[in-house]
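Undergrad: Dropping the structure in here first, questions after.
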Amino acid sequence: MNALPMSSALRRTVCPQSLVAKLLRSALAVALSVPLSAFAQTALAQSPAPTYYMDDSRPGNSFPPNAPYTSGPAGAVVVEGLGSINCSGSYYSQSQIESAAVQWINASYNTVIEISPQTACGTLSQYESLVNGITTYVEGHASYPGQYWGGFMLDEEPGFGFSASDLESLNIYTQGVMKTTPGMSWYFTEDQPNGWGLSTYNAILESSWPAPMAYTTSMVNAINAACSTYSVCTNLVTVDTNFSYPWNDYQYVTPLVNGTPWQTSYWAAAYYWWNAYRNQ
Amino acid sequence: MRRARWAATGGSFLVSIAVVAALLTVAGGPRSSVSAAAPHISCGRGVPLEKCNPSSPPPTTGPQTPPFPASALDTESCGPGFFDPATVTALMDHFGLLDCFRFVGSPQWVVFGDGMSVTSADFTASPGGAMVAVATCAARDSACLDPNVPHSFDAFTVSYPPLPASGRSNLETTFGRRLLWIYDGGCGLFTFDVASMRWFGHAQADLDALLSGTGAPATVRTPPAASGAAALAAAAPADTGDCQQ
């Protein structure tokens with residue numbers, strides 16, 4: 001593995017004093033000549049650092065435990081729907097996903113619904129129908145969904161069998177559905193950023209809120225390339241909390257990602273977020 | 001900080017929901033309060049501005065009774081000392097990112113490797129592919145059951161999904177503290193029974209039969225199992241041709 005433990009990485013930033021002085025002078029000169037807005041896209045780590053997080057709970061499960069290396073509970077519940085449709089597996093049917101989400105929302109919890117479209121579980125049209133059906137149910141049964149329902153989180157990976165154009169179609173369909181909903185409800189793409197070429201990854205994202213998986217150096221590089229090349233610089237970074245250290249530690253992972261963490265004024269503008277994935 | 005530090009995914013699920021609610025209050029979320037005077041924020045490429053900026057203050061709702069009772073944690077994660085750092089490095093370099101756990105009440109330790117290279121700059125398969133390794137502790141072997149006591153990977157038996165070199169497998173979920181749902185790259189979704197170390201499809205009927213102990217679902221053909229030591233030295237086995245898509 002080519003990632004360094006954090007302590008080593010920090011040590012590598014220490015410079016000789018003369019060099020520090022030169023760098024400071026240069027930095028001052030640059031700071032005086034570059035608009036502040038430029039820094040948002042060229043920072044070397046997410047800024048500000050995200051401290052609030054979403055975490056998974058499959059339908060019927062309780063509130064998720066604190067994620068590793070955090071000091072408090074999740075700020076939002078992600079109802080984990082997996083592939084659903086023909087892969088319901090006792091826990092993941094449309095009705096189970098819907099009712100779980102509505103219960104969280106009606107208890108005033110910030111809530112997101114995750115679906116992992118997989119060709120082994122359903123067709124593209126079935127997933128579109130699932131998105132539409134869940135939306136109709138939530139809007140009809142939840143109190144203040146525009147405030148508490150962040151919308152969908154679509155877990156899109158090349159190994160799940162759908163083509164890039166299929167996923168673009170699904171995302172366009174989803175944003176069409178979500179445009180009609182009140183309030184904040186929209187959709188995240190919890191995608192594997194290194195799963196396609198950079199331009200394809202950028203195209204798949206459409207107008208989603210990107211929530212890219214940052215599980216390896218290769219994935220982090222792809223996220224940063226999308227930022228520098230396509231200005232996809234606001235990300236809800238997804239960290240797999242089941243993995244072994246360091247990739248399960250958001251404090252290790254999020255500083256590797258450039259740009260800005262996702263935020264929304266609905267869930268308080270001062271909060272910056274990352275996304276915890278865990279299997280259950 | 002030790003590289004071999006393992007996820008402590010837990011804490012206890014037995015935390016009462018009242019405690020959770022109290023912690024949430026202290027931590028400031030998830031019940032949010034948005035100031036009407038909050039500045040507008042950028043919403044992202046093509047996202048309607050109103051999706052990030054409320055046009056009016058949100059509804060005021062008081063704390064309500066959370067809807068779900070607390071449930072017990074299904075798994076216990078391997079501790080920092082479960083494998084020595086050199087073993088963790090070797091396993092990750094060979095099998096990709098790792099999950100290591102034991103179902104609560106089970107004498108079997110499970111290590112899942114996702115088969116995705118952690119060293120390559122590109123998205124490529126790890127040399128040893130995806131796998132599930134299982135080691136069974138003897139009855140009342142408290143040291144073996146301890147997540148912080150050092151273990152040897154030699155004690156594990158490695159089982160492969162139908163297409164180990166798919167480049168990425170996902171451990172999606174578990175059932176009955178015994179069954180794993182593993183998405184094997186482009187090969188399909190499979191059920192792995194930790195107790196029997198056999199692979200099955202994902203149909204509800206198969207799950208029901210396995211969980212109830214009734215019926216005999218058809219197994220999926222997979223590469224031969226190997227000892228931990230042998231698997232760690234071998235390349236990913238070839239596809240068995242039993243992919244579902």
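Simple scheme: letters A, B, ... for chains in structure tokens order, numbers from 1 for residues in each chain, numbers from 1 for ligands in the order shown.
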Just the residues within 10 Å of A:Cys227, please, counting only C-alpha atoms, with nothing from its chain fewer than 4 positions along; format it as a PDB file with C-alpha atoms, in the first residue's frame.

TA:
ATOM      1  CA  GLN A  41     -10.629  24.666  -5.920  1.00  0.00           C
ATOM      2  CA  THR A  42      -6.920  24.415  -5.445  1.00  0.00           C
ATOM      3  CA  ASN A 202     -17.778  13.375 -14.802  1.00  0.00           C
ATOM      4  CA  ASN A 221      -6.594  10.501  -7.259  1.00  0.00           C
ATOM      5  CA  ALA A 222      -9.701  10.206  -9.422  1.00  0.00           C
ATOM      6  CA  ILE A 223     -11.697  12.496  -7.117  1.00  0.00           C
ATOM      7  CA  SER A 231     -14.355  21.587 -11.154  1.00  0.00           C
ATOM      8  CA  VAL A 232     -16.198  18.794  -9.357  1.00  0.00           C
ATOM      9  CA  CYS A 233     -14.732  20.055  -6.122  1.00  0.00           C
ATOM     10  CA  THR A 234     -17.611  19.812  -3.649  1.00  0.00           C
ATOM     11  CA  ASN A 235     -17.794  16.238  -2.443  1.00  0.00           C
ATOM     12  CA  VAL A 257      -9.278  15.020  -0.997  1.00  0.00           C
ATOM     13  CA  ASN A 258      -9.124  18.496  -2.473  1.00  0.00           C
ATOM     14  CA  GLY A 259     -11.967  21.007  -2.566  1.00  0.00           C
ATOM     15  CA  THR A 260     -14.852  21.538  -0.205  1.00  0.00           C
TER      16      THR A 260
END

Undergrad: With only C-alpha atoms as the counted atoms, please give the residues lying no more than 7 Å from B:Gly128, apart from itself and same-chain residues fewer than 3 positions off, as an MDAnalysis selection string.

TA: chainID B and resid 94:95 232 234:236

Undergrad: Could you dump the residues just selected with C-alpha atoms as a CSV table (one decimal), in the first residue's frame?

TA:
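result-v2.csv was written with the following content:
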chain,number,residue,atom,x,y,z
B,94,HIS,CA,-2.5,-9.4,-2.0
B,95,PHE,CA,-6.3,-9.4,-1.4
B,232,LEU,CA,-1.3,-15.7,0.2
B,234,ALA,CA,-0.9,-17.7,-5.2
B,235,ALA,CA,-2.4,-15.6,-7.9
B,236,ALA,CA,-6.1,-15.2,-8.1

Undergrad: Which residues are close to stretch 237-254 of chain A, i.e. within 6 Å by only C-alpha atoms, leaving aside same-chain residues fewer than 5 positions away? Reply as a VMD selection string.

TA: (chain A and resid 211 to 215 274 to 278) or (chain B and resid 5 to 7 98 to 99)

Undergrad: Just the residues within 9 Å of B:Ala225, please, counting only C-alpha atoms, with nothing from its chain fewer than 5 positions along; format it as a ChimeraX atom specification.

TA: /B:157-160,231

Undergrad: Could you give me, as a ChimeraX atom specification, the residues within 10 Å of A:Thr111, counting only C-alpha atoms and dropping anything in the same chain fewer than 2 positions from it?

TA: /A:54-56,75-79,100-106,108-109,113-114,145,147-152,185 /B:30

Undergrad: Report, in Å to a single decimal, how far apart atom CA of B:Ala233 and atom CA of B:Pro147 are.

TA: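 Straight-line distance from atom CA of B:Pro147 to atom CA of B:Ala233 works out to 25.0 Å.
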
Undergrad: For stretch 132-139 of chain A, find every residue with an atom within 6 Å (counting only C-alpha atoms), except residues of its own chain fewer than 3 positions away, and show them as a ChimeraX atom specification.

TA: /A:98,129,142

Undergrad: Go ahead and write the selection's residues with C-alpha atoms as a PDB file, in the first residue's frame.

TA:
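Everything below was put into part03.pdb:
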ATOM      1  CA  GLU A  98     -40.098   3.408   2.312  1.00  0.00           C
ATOM      2  CA  SER A 129     -39.807   2.865 -11.094  1.00  0.00           C
ATOM      3  CA  ALA A 142     -43.582  11.922   5.695  1.00  0.00           C
TER       4      ALA A 142
END

Undergrad: Apply DSSP to the structure's backbone, then extract all residues of stretch 35-247 of chain A labelled helix (DSSP H, G or I) and return them as a PyMOL selection string.

TA: chain A and resi 37-42+94-106+124-141+145-148+158-160+164-179+198-205+217-230

Undergrad: I need the residue nearest A:Pro261 from this list: A:Ser207, A:Ser143, A:Ser84, A:Thr51. Use only C-alpha atoms for the distance.

TA: A:Thr51

Undergrad: When DSSP works through the backbone of this structure, what residues of stretch 122-256 of chain A end up as strand (DSSP E), shown as a ChimeraX atom specification?

TA: /A:149-154,186-189,209-210,234-235,238-240

Undergrad: For B:Thr124, work out the shell of residues within 9 Å, counting only C-alpha atoms and skipping chain neighbours fewer than 6 positions away, then give it as a PyMOL selection string.

TA: chain B and resi 115-118+166-168

Undergrad: Quick one: pull the distance between atom CA of B:Ser169 and atom CA of B:Asp114, Å, one decimal.

TA: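 Taking atom CA of B:Ser169 and atom CA of B:Asp114, their separation equals 4.8 Å.
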
Undergrad: Please compute the atom CA of A:Ser228-atom CA of B:Thr119 distance, one decimal, in Å.

TA: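 A separation of 22.6 Å between them.
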